[in-house]
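Source file entry-v4.cif; content: mmCIF, C-alpha atoms.
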data_run
loop_
_atom_site.group_PDB
_atom_site.id
_atom_site.type_symbol
_atom_site.label_atom_id
_atom_site.label_comp_id
_atom_site.auth_asym_id
_atom_site.auth_seq_id
_atom_site.Cartn_x
_atom_site.Cartn_y
_atom_site.Cartn_z
ATOM 1 C CA MET A 17 -19.953 -38.382 31.383
ATOM 2 C CA VAL A 18 -19.461 -35.221 29.315
ATOM 3 C CA SER A 19 -22.895 -35.408 27.697
ATOM 4 C CA ARG A 20 -24.488 -35.740 31.147
ATOM 5 C CA TYR A 21 -22.755 -32.816 32.850
ATOM 6 C CA ILE A 22 -21.897 -30.439 29.993
ATOM 7 C CA ARG A 23 -24.968 -29.608 27.931
ATOM 8 C CA PHE A 24 -25.659 -26.714 25.589
ATOM 9 C CA PRO A 25 -28.999 -24.922 26.151
ATOM 10 C CA TYR A 26 -30.962 -25.614 22.974
ATOM 11 C CA THR A 27 -34.460 -25.302 24.479
ATOM 12 C CA VAL A 28 -36.299 -22.003 24.912
ATOM 13 C CA ARG A 29 -36.787 -22.700 28.614
ATOM 14 C CA GLU A 30 -33.078 -23.256 29.252
ATOM 15 C CA GLN A 31 -32.138 -20.210 27.220
ATOM 16 C CA ALA A 32 -34.603 -17.889 28.971
ATOM 17 C CA GLU A 33 -32.894 -18.198 32.350
ATOM 18 C CA ILE A 34 -29.416 -17.770 30.857
ATOM 19 C CA LYS A 35 -30.508 -14.674 28.900
ATOM 20 C CA THR A 36 -31.974 -13.128 32.047
ATOM 21 C CA GLN A 37 -28.784 -13.761 34.004
ATOM 22 C CA PHE A 38 -26.495 -12.327 31.314
ATOM 23 C CA ALA A 39 -28.686 -9.227 30.957
ATOM 24 C CA ALA A 40 -28.698 -8.659 34.726
ATOM 25 C CA MET A 41 -24.940 -9.141 34.939
ATOM 26 C CA SER A 42 -23.831 -7.051 31.963
ATOM 27 C CA GLY A 43 -26.753 -5.302 30.287
ATOM 28 C CA PHE A 44 -26.236 -7.263 27.049
ATOM 29 C CA PRO A 45 -29.521 -8.785 25.844
ATOM 30 C CA ASN A 46 -30.381 -12.211 24.458
ATOM 31 C CA VAL A 47 -27.075 -13.946 25.274
ATOM 32 C CA ILE A 48 -27.118 -17.742 25.524
ATOM 33 C CA GLY A 49 -23.381 -18.189 26.134
ATOM 34 C CA ALA A 50 -19.869 -16.770 25.967
ATOM 35 C CA ILE A 51 -17.199 -18.555 23.930
ATOM 36 C CA ASP A 52 -13.405 -18.602 23.943
ATOM 37 C CA CYS A 53 -10.520 -21.003 23.417
ATOM 38 C CA THR A 54 -7.622 -21.768 25.716
ATOM 39 C CA HIS A 55 -4.406 -23.728 25.238
ATOM 40 C CA VAL A 56 -3.275 -26.672 27.346
ATOM 41 C CA ALA A 57 0.461 -27.251 27.074
ATOM 42 C CA ILE A 58 1.678 -30.741 26.163
ATOM 43 C CA ARG A 59 4.962 -32.508 25.459
ATOM 44 C CA ALA A 60 5.903 -32.425 21.779
ATOM 45 C CA PRO A 61 4.205 -35.474 20.234
ATOM 46 C CA SER A 62 6.062 -37.880 17.992
ATOM 47 C CA GLU A 63 3.450 -37.558 15.221
ATOM 48 C CA ASN A 64 2.455 -34.330 13.434
ATOM 49 C CA GLU A 65 4.592 -32.372 15.887
ATOM 50 C CA PHE A 66 4.408 -29.057 14.015
ATOM 51 C CA ALA A 67 0.588 -29.070 14.036
ATOM 52 C CA TYR A 68 0.650 -28.726 17.832
ATOM 53 C CA VAL A 69 2.802 -25.575 17.889
ATOM 54 C CA ASN A 70 0.598 -22.585 18.763
ATOM 55 C CA ARG A 71 1.168 -18.862 18.232
ATOM 56 C CA LYS A 72 3.295 -18.689 21.377
ATOM 57 C CA HIS A 73 5.522 -21.423 19.887
ATOM 58 C CA VAL A 74 4.350 -23.889 22.551
ATOM 59 C CA HIS A 75 3.042 -27.386 21.864
ATOM 60 C CA SER A 76 -0.578 -27.488 22.976
ATOM 61 C CA ILE A 77 -4.165 -28.611 22.558
ATOM 62 C CA ASN A 78 -6.526 -25.759 21.646
ATOM 63 C CA VAL A 79 -9.679 -26.195 23.748
ATOM 64 C CA GLN A 80 -13.022 -24.532 22.999
ATOM 65 C CA ILE A 81 -15.068 -23.447 26.020
ATOM 66 C CA ILE A 82 -18.633 -22.095 26.120
ATOM 67 C CA CYS A 83 -20.175 -21.135 29.448
ATOM 68 C CA ASP A 84 -23.220 -19.430 30.933
ATOM 69 C CA SER A 85 -23.211 -16.394 33.220
ATOM 70 C CA ASN A 86 -22.510 -18.597 36.266
ATOM 71 C CA MET A 87 -19.333 -19.999 34.648
ATOM 72 C CA THR A 88 -20.960 -23.406 34.179
ATOM 73 C CA LEU A 89 -19.508 -25.031 31.072
ATOM 74 C CA THR A 90 -22.140 -25.715 28.421
ATOM 75 C CA ASN A 91 -19.697 -26.942 25.786
ATOM 76 C CA ILE A 92 -16.116 -28.172 25.730
ATOM 77 C CA VAL A 93 -14.233 -29.299 22.626
ATOM 78 C CA ALA A 94 -10.812 -30.827 23.287
ATOM 79 C CA ARG A 95 -9.536 -32.540 20.158
ATOM 80 C CA TRP A 96 -7.619 -30.046 18.013
ATOM 81 C CA PRO A 97 -3.850 -29.305 17.864
ATOM 82 C CA GLY A 98 -2.579 -25.951 19.102
ATOM 83 C CA SER A 99 -2.118 -24.466 15.623
ATOM 84 C CA THR A 100 -5.852 -24.777 14.887
ATOM 85 C CA HIS A 101 -7.679 -21.438 14.608
ATOM 86 C CA ASP A 102 -10.462 -20.826 17.136
ATOM 87 C CA SER A 103 -13.022 -20.167 14.395
ATOM 88 C CA PHE A 104 -12.180 -23.483 12.700
ATOM 89 C CA ILE A 105 -12.876 -25.360 15.933
ATOM 90 C CA LEU A 106 -16.277 -23.702 16.299
ATOM 91 C CA THR A 107 -17.204 -24.304 12.661
ATOM 92 C CA HIS A 108 -16.411 -28.019 13.010
ATOM 93 C CA SER A 109 -18.045 -28.490 16.417
ATOM 94 C CA SER A 110 -21.518 -29.925 17.005
ATOM 95 C CA VAL A 111 -22.673 -26.650 18.594
ATOM 96 C CA GLY A 112 -21.402 -24.602 15.651
ATOM 97 C CA ASN A 113 -23.059 -26.921 13.145
ATOM 98 C CA ARG A 114 -26.387 -26.934 14.982
ATOM 99 C CA LEU A 115 -26.476 -23.171 15.466
ATOM 100 C CA ASN A 116 -25.605 -22.630 11.822
ATOM 101 C CA ALA A 117 -28.436 -24.977 10.873
ATOM 102 C CA GLY A 118 -30.909 -22.886 12.862
ATOM 103 C CA ALA A 119 -31.188 -24.843 16.118
ATOM 104 C CA VAL A 120 -31.488 -21.531 17.985
ATOM 105 C CA ARG A 121 -33.805 -18.938 16.465
ATOM 106 C CA ASP A 122 -33.510 -16.195 19.054
ATOM 107 C CA GLY A 123 -30.224 -15.794 20.903
ATOM 108 C CA TRP A 124 -26.504 -15.528 20.325
ATOM 109 C CA LEU A 125 -23.085 -16.396 21.590
ATOM 110 C CA LEU A 126 -20.535 -13.696 22.364
ATOM 111 C CA GLY A 127 -17.018 -14.212 21.030
ATOM 112 C CA ASP A 128 -13.885 -12.139 20.517
ATOM 113 C CA SER A 129 -12.754 -10.806 17.158
ATOM 114 C CA GLY A 130 -11.106 -14.129 16.330
ATOM 115 C CA TYR A 131 -14.545 -15.507 15.497
ATOM 116 C CA PRO A 132 -16.656 -14.831 12.395
ATOM 117 C CA LEU A 133 -19.638 -12.535 12.830
ATOM 118 C CA ARG A 134 -22.861 -14.506 12.410
ATOM 119 C CA ARG A 135 -26.540 -14.049 13.226
ATOM 120 C CA TRP A 136 -25.939 -16.353 16.221
ATOM 121 C CA LEU A 137 -22.438 -15.117 17.142
ATOM 122 C CA LEU A 138 -21.739 -11.463 17.913
ATOM 123 C CA THR A 139 -18.217 -10.077 18.067
ATOM 124 C CA PRO A 140 -16.836 -6.603 18.927
ATOM 125 C CA PHE A 141 -16.216 -3.838 16.414
ATOM 126 C CA LEU A 142 -12.562 -4.092 15.372
ATOM 127 C CA ASN A 143 -12.019 -0.343 15.087
ATOM 128 C CA PRO A 144 -14.924 1.475 16.739
ATOM 129 C CA GLN A 145 -15.719 4.711 14.907
ATOM 130 C CA SER A 146 -18.376 6.173 17.188
ATOM 131 C CA ALA A 147 -19.389 6.477 20.821
ATOM 132 C CA GLU A 148 -22.139 3.915 20.169
ATOM 133 C CA GLU A 149 -19.677 1.350 18.818
ATOM 134 C CA THR A 150 -17.313 1.969 21.737
ATOM 135 C CA HIS A 151 -20.162 1.519 24.235
ATOM 136 C CA TYR A 152 -21.235 -1.686 22.474
ATOM 137 C CA ASN A 153 -17.683 -3.047 22.778
ATOM 138 C CA GLU A 154 -17.570 -2.203 26.481
ATOM 139 C CA VAL A 155 -20.846 -3.977 27.248
ATOM 140 C CA HIS A 156 -19.873 -6.901 25.010
ATOM 141 C CA SER A 157 -16.535 -7.237 26.838
ATOM 142 C CA ARG A 158 -18.248 -7.112 30.233
ATOM 143 C CA ALA A 159 -20.575 -9.954 29.258
ATOM 144 C CA ARG A 160 -17.942 -12.090 27.527
ATOM 145 C CA ALA A 161 -15.454 -11.765 30.407
ATOM 146 C CA VAL A 162 -17.306 -14.541 32.233
ATOM 147 C CA VAL A 163 -15.793 -17.187 29.954
ATOM 148 C CA GLU A 164 -12.297 -15.893 30.712
ATOM 149 C CA ARG A 165 -13.047 -16.197 34.432
ATOM 150 C CA ALA A 166 -14.429 -19.702 33.909
ATOM 151 C CA ILE A 167 -11.252 -20.759 32.117
ATOM 152 C CA GLY A 168 -9.168 -19.212 34.895
ATOM 153 C CA ILE A 169 -11.053 -21.153 37.581
ATOM 154 C CA LEU A 170 -10.878 -24.374 35.559
ATOM 155 C CA LYS A 171 -7.097 -24.052 35.335
ATOM 156 C CA CYS A 172 -6.782 -22.898 38.923
ATOM 157 C CA ARG A 173 -8.586 -25.928 40.305
ATOM 158 C CA TRP A 174 -6.650 -28.336 38.083
ATOM 159 C CA ARG A 175 -3.164 -26.908 37.715
ATOM 160 C CA ALA A 176 -2.169 -29.612 35.222
ATOM 161 C CA LEU A 177 -4.151 -27.621 32.648
ATOM 162 C CA ASP A 178 -2.254 -24.403 33.363
ATOM 163 C CA ALA A 179 1.232 -23.575 32.127
ATOM 164 C CA SER A 180 2.300 -22.862 35.722
ATOM 165 C CA GLY A 181 1.733 -26.557 36.419
ATOM 166 C CA GLY A 182 4.104 -27.545 33.632
ATOM 167 C CA ARG A 183 2.910 -29.501 30.617
ATOM 168 C CA LEU A 184 1.039 -32.750 30.302
ATOM 169 C CA LEU A 185 3.364 -35.582 29.338
ATOM 170 C CA TYR A 186 0.834 -37.818 27.610
ATOM 171 C CA HIS A 187 -0.254 -38.625 24.090
ATOM 172 C CA PRO A 188 -2.525 -35.847 22.743
ATOM 173 C CA ALA A 189 -5.564 -38.166 22.717
ATOM 174 C CA LYS A 190 -5.152 -38.853 26.432
ATOM 175 C CA VAL A 191 -4.616 -35.155 27.163
ATOM 176 C CA CYS A 192 -7.952 -34.431 25.487
ATOM 177 C CA LYS A 193 -9.659 -36.981 27.744
ATOM 178 C CA ILE A 194 -8.059 -35.357 30.803
ATOM 179 C CA VAL A 195 -9.262 -31.916 29.714
ATOM 180 C CA ARG A 196 -12.832 -33.152 29.215
ATOM 181 C CA ALA A 197 -12.764 -34.911 32.590
ATOM 182 C CA CYS A 198 -11.649 -31.681 34.266
ATOM 183 C CA GLY A 199 -14.519 -29.884 32.541
ATOM 184 C CA VAL A 200 -17.013 -32.351 34.017
ATOM 185 C CA LEU A 201 -15.458 -31.980 37.468
ATOM 186 C CA HIS A 202 -15.545 -28.183 37.115
ATOM 187 C CA ASN A 203 -19.327 -28.264 36.669
ATOM 188 C CA ILE A 204 -19.778 -30.733 39.514
ATOM 189 C CA ALA A 205 -17.683 -28.527 41.797
ATOM 190 C CA LEU A 206 -19.716 -25.422 40.891
ATOM 191 C CA ARG A 207 -23.013 -27.257 41.350
ATOM 192 C CA ASN A 208 -21.985 -28.405 44.820
ATOM 193 C CA GLY A 209 -20.344 -25.151 45.915
ATOM 194 C CA ILE A 210 -16.901 -26.689 46.382
ATOM 195 C CA PRO A 211 -14.469 -23.808 47.009
ATOM 196 C CA LEU A 212 -11.112 -23.368 45.338
ATOM 197 C CA PRO A 213 -8.042 -24.325 47.384
ATOM 198 C CA PRO A 214 -7.127 -21.433 49.705
ATOM 199 C CA ASP A 215 -4.279 -19.019 48.945
ATOM 200 C CA LEU A 216 -3.988 -20.257 45.382
ATOM 201 C CA PRO A 217 -3.398 -17.453 42.842
ATOM 202 C CA LEU A 218 -5.860 -17.493 39.965
ATOM 203 C CA PRO A 219 -4.149 -18.168 36.622
ATOM 204 C CA GLN A 220 -4.292 -15.307 34.165
ATOM 205 C CA HIS A 221 -6.055 -16.579 31.070
ATOM 206 C CA TYR A 222 -4.205 -14.893 28.236
ATOM 207 C CA ASP A 223 -4.429 -15.383 24.528
ATOM 208 C CA PRO A 224 -2.460 -13.350 21.980
ATOM 209 C CA GLU A 225 -4.456 -10.765 20.059
ATOM 210 C CA PRO A 226 -6.963 -12.853 18.111
ATOM 211 C CA GLN A 227 -6.518 -13.113 14.376
ATOM 212 C CA PRO A 228 -9.760 -12.016 12.695
ATOM 213 C CA PRO A 229 -11.013 -14.575 10.177
ATOM 214 C CA GLY A 230 -12.042 -13.523 6.718
ATOM 215 C CA ARG A 231 -15.661 -12.571 6.110
ATOM 216 C CA GLN A 232 -17.748 -15.685 5.782
ATOM 217 C CA GLU A 233 -21.274 -16.567 4.741
ATOM 218 C CA GLY A 234 -23.693 -14.988 7.185
ATOM 219 C CA TYR A 235 -21.523 -11.945 7.911
ATOM 220 C CA GLN A 236 -23.983 -9.385 6.536
ATOM 221 C CA ARG A 237 -26.870 -10.725 8.600
ATOM 222 C CA GLY A 238 -24.670 -10.798 11.689
ATOM 223 C CA ALA A 239 -23.576 -7.224 11.008
ATOM 224 C CA ARG A 240 -27.211 -6.067 10.819
ATOM 225 C CA ILE A 241 -28.027 -7.759 14.123
ATOM 226 C CA ARG A 242 -24.954 -6.222 15.747
ATOM 227 C CA GLU A 243 -25.978 -2.759 14.558
ATOM 228 C CA ASP A 244 -29.469 -3.288 15.964
ATOM 229 C CA VAL A 245 -28.103 -4.412 19.341
ATOM 230 C CA MET A 246 -25.718 -1.458 19.411
ATOM 231 C CA ARG A 247 -28.611 0.994 18.988
ATOM 232 C CA ARG A 248 -30.574 -0.709 21.770
ATOM 233 C CA LEU A 249 -27.803 -0.683 24.404
#

Show the structure stored in the file as structure tokens.
Amino acid sequence: MVSRYIRFPYTVREQAEIKTQFAAMSGFPNVIGAIDCTHVAIRAPSENEFAYVNRKHVHSINVQIICDSNMTLTNIVARWPGSTHDSFILTHSSVGNRLNAGAVRDGWLLGDSGYPLRRWLLTPFLNPQSAEETHYNEVHSRARAVVERAIGILKCRWRALDASGGRLLYHPAKVCKIVRACGVLHNIALRNGIPLPPDLPLPQHYDPEPQPPGRQEGYQRGARIREDVMRRL
């Protein structure tokens, strides 16, 4: 059911509404989604155990999430061990491949500094050197924060995905199916206005300081676009 309920906006019509909503919410133009990864804790598997140890030294699945300004998930990738870098997951995902191939001509994702800068993926300045760069980072952070809230709500509604609910005691392949199923249910719940359980504290989505990837093909074009956006904000 994932392909039915979690769909990335590749058409101009779908993107137009999302861009308008992001601009109204944050002031950042031309955004078609915000991207981040989150870890779902699991029991140490019997095979390739070390591959599942993340930077917090916890066994996990690293899950890629892309959402729109309403926190509706437009992409979920749950298949990679916890040691996998966020940028690697994006590069090897269907969305990453299609965007890199030019499926979207006018629009970009917003990601943290753990992602490579591309013409379709804008990241913050690592060490802002001017008031303009600082302002860009502030507006970028305000727009991208929606994906952190979406992840928090996803884990709040289904505590099995959050560390406060313990860890999932299944084979990694089954855990990935559970994560995807929760993503589908998240979108259904949002669409139908189903509230969160009362008096339930929202999990704090936290990821260690992202590790910037090395400069990759497309960096220079992404840097030019980022500079142009910075001057327009």

>> Please determine, counting all atoms listed in the file, which residue among A:Glu65, A:Asp84, A:Glu30, A:Asp102 has the shortest atom-to-atom distance to Gly49 of chain A.
In response: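 Using all atoms listed in the file, the shortest distance to Gly49 of chain A belongs to A:Asp84.
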
> Quick one: which residues end up in the PyMOL selection byres ((chain A and resi 159) around 12) for this structure, as a VMD selection string?
Replying inline: chain A and resid 34 to 35 37 to 51 83 to 87 125 to 128 138 to 140 152 to 158 160 to 165

Export of prior selection with C-alpha atoms as a PDB file, keeping the file's coordinate frame:
ATOM      1  CA  ILE A  34     -29.416 -17.770  30.857  1.00  0.00           C
ATOM      2  CA  LYS A  35     -30.508 -14.674  28.900  1.00  0.00           C
ATOM      3  CA  GLN A  37     -28.784 -13.761  34.004  1.00  0.00           C
ATOM      4  CA  PHE A  38     -26.495 -12.327  31.314  1.00  0.00           C
ATOM      5  CA  ALA A  39     -28.686  -9.227  30.957  1.00  0.00           C
ATOM      6  CA  ALA A  40     -28.698  -8.659  34.726  1.00  0.00           C
ATOM      7  CA  MET A  41     -24.940  -9.141  34.939  1.00  0.00           C
ATOM      8  CA  SER A  42     -23.831  -7.051  31.963  1.00  0.00           C
ATOM      9  CA  GLY A  43     -26.753  -5.302  30.287  1.00  0.00           C
ATOM     10  CA  PHE A  44     -26.236  -7.263  27.049  1.00  0.00           C
ATOM     11  CA  PRO A  45     -29.521  -8.785  25.844  1.00  0.00           C
ATOM     12  CA  ASN A  46     -30.381 -12.211  24.458  1.00  0.00           C
ATOM     13  CA  VAL A  47     -27.075 -13.946  25.274  1.00  0.00           C
ATOM     14  CA  ILE A  48     -27.118 -17.742  25.524  1.00  0.00           C
ATOM     15  CA  GLY A  49     -23.381 -18.189  26.134  1.00  0.00           C
ATOM     16  CA  ALA A  50     -19.869 -16.770  25.967  1.00  0.00           C
ATOM     17  CA  ILE A  51     -17.199 -18.555  23.930  1.00  0.00           C
ATOM     18  CA  CYS A  83     -20.175 -21.135  29.448  1.00  0.00           C
ATOM     19  CA  ASP A  84     -23.220 -19.430  30.933  1.00  0.00           C
ATOM     20  CA  SER A  85     -23.211 -16.394  33.220  1.00  0.00           C
ATOM     21  CA  ASN A  86     -22.510 -18.597  36.266  1.00  0.00           C
ATOM     22  CA  MET A  87     -19.333 -19.999  34.648  1.00  0.00           C
ATOM     23  CA  LEU A 125     -23.085 -16.396  21.590  1.00  0.00           C
ATOM     24  CA  LEU A 126     -20.535 -13.696  22.364  1.00  0.00           C
ATOM     25  CA  GLY A 127     -17.018 -14.212  21.030  1.00  0.00           C
ATOM     26  CA  ASP A 128     -13.885 -12.139  20.517  1.00  0.00           C
ATOM     27  CA  LEU A 138     -21.739 -11.463  17.913  1.00  0.00           C
ATOM     28  CA  THR A 139     -18.217 -10.077  18.067  1.00  0.00           C
ATOM     29  CA  PRO A 140     -16.836  -6.603  18.927  1.00  0.00           C
ATOM     30  CA  TYR A 152     -21.235  -1.686  22.474  1.00  0.00           C
ATOM     31  CA  ASN A 153     -17.683  -3.047  22.778  1.00  0.00           C
ATOM     32  CA  GLU A 154     -17.570  -2.203  26.481  1.00  0.00           C
ATOM     33  CA  VAL A 155     -20.846  -3.977  27.248  1.00  0.00           C
ATOM     34  CA  HIS A 156     -19.873  -6.901  25.010  1.00  0.00           C
ATOM     35  CA  SER A 157     -16.535  -7.237  26.838  1.00  0.00           C
ATOM     36  CA  ARG A 158     -18.248  -7.112  30.233  1.00  0.00           C
ATOM     37  CA  ARG A 160     -17.942 -12.090  27.527  1.00  0.00           C
ATOM     38  CA  ALA A 161     -15.454 -11.765  30.407  1.00  0.00           C
ATOM     39  CA  VAL A 162     -17.306 -14.541  32.233  1.00  0.00           C
ATOM     40  CA  VAL A 163     -15.793 -17.187  29.954  1.00  0.00           C
ATOM     41  CA  GLU A 164     -12.297 -15.893  30.712  1.00  0.00           C
ATOM     42  CA  ARG A 165     -13.047 -16.197  34.432  1.00  0.00           C
TER      43      ARG A 165
END

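Note on the selection: in this file the PyMOL selection byres ((chain A and resi 235) around 12) comes out as Tyr131, Pro132, Leu133, Arg134, Arg135, Trp136, Leu137, Leu138, Thr139, Pro229, Gly230, Arg231, Gln232, Glu233, Gly234, Gln236, Arg237, Gly238, Ala239, Arg240, Ile241 and Arg242 of chain A.
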
> Hey, what comes out of the PyMOL selection byres ((chain A and resi 121) around 10) on this file? Could you write it as a count of residues only?
Replying inline: 12

> Suppose you want the space between atom CA of Arg95 of chain A and atom CA of Val79 of chain A; what is it in Å?
Replying inline: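 Answer for the atom CA of Arg95 of chain A to atom CA of Val79 of chain A separation: 7.3 Å.
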
> Hey, can you check how far atom CA of Arg183 of chain A sits from atom CA of Pro97 of chain A?
Replying inline: 14.4 Å

>> Excluding His75 of chain A and its own-chain neighbours fewer than 4 positions away, which residues fall within 10 Å of it when counting only C-alpha atoms? Please give them as JSON, numbers by chain.
In response: {"A": [55, 56, 57, 58, 59, 60, 61, 65, 66, 67, 68, 69, 70, 71, 97, 98, 99, 183]}

>> Could you check the closest approach to Gln80 of chain A for each of A:Ala205, A:Cys53, A:Ala189, A:Leu106 and tell me which residue wins, using all atoms listed in the file?
In response: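 Checking each candidate against Gln80 of chain A, we get A:Cys53 as the closest.
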
> Quick one, how far is atom CA of Ile210 of chain A from atom CA of Gly182 of chain A?
Replying inline: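 Value for the atom CA of Ile210 of chain A-atom CA of Gly182 of chain A distance: 24.6 Å.
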
Is it possible to get the residues within 10 Å of (-22.9, -27.3, 30.8) (coordinates as in the file, counting all atoms listed in the file) written as a compact mmCIF listing (two decimals) with C-alpha atoms, keeping the file's coordinate frame?
# COMPACT_ATOMS: atom_id res chain seq x y z
CA VAL A 18 -19.46 -35.22 29.32
CA SER A 19 -22.90 -35.41 27.70
CA ARG A 20 -24.49 -35.74 31.15
CA TYR A 21 -22.76 -32.82 32.85
CA ILE A 22 -21.90 -30.44 29.99
CA ARG A 23 -24.97 -29.61 27.93
CA PHE A 24 -25.66 -26.71 25.59
CA PRO A 25 -29.00 -24.92 26.15
CA ILE A 81 -15.07 -23.45 26.02
CA ILE A 82 -18.63 -22.10 26.12
CA CYS A 83 -20.18 -21.14 29.45
CA ASP A 84 -23.22 -19.43 30.93
CA MET A 87 -19.33 -20.00 34.65
CA THR A 88 -20.96 -23.41 34.18
CA LEU A 89 -19.51 -25.03 31.07
CA THR A 90 -22.14 -25.72 28.42
CA ASN A 91 -19.70 -26.94 25.79
CA ILE A 92 -16.12 -28.17 25.73
CA GLY A 199 -14.52 -29.88 32.54
CA VAL A 200 -17.01 -32.35 34.02
CA HIS A 202 -15.54 -28.18 37.12
CA ASN A 203 -19.33 -28.26 36.67
CA ILE A 204 -19.78 -30.73 39.51

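Residue nearest Glu243 of chain A within the list A:Gly209, A:Asp178, A:Val74, A:Glu148: A:Glu148 [criterion: smallest interatomic distance, all atoms listed in the file].
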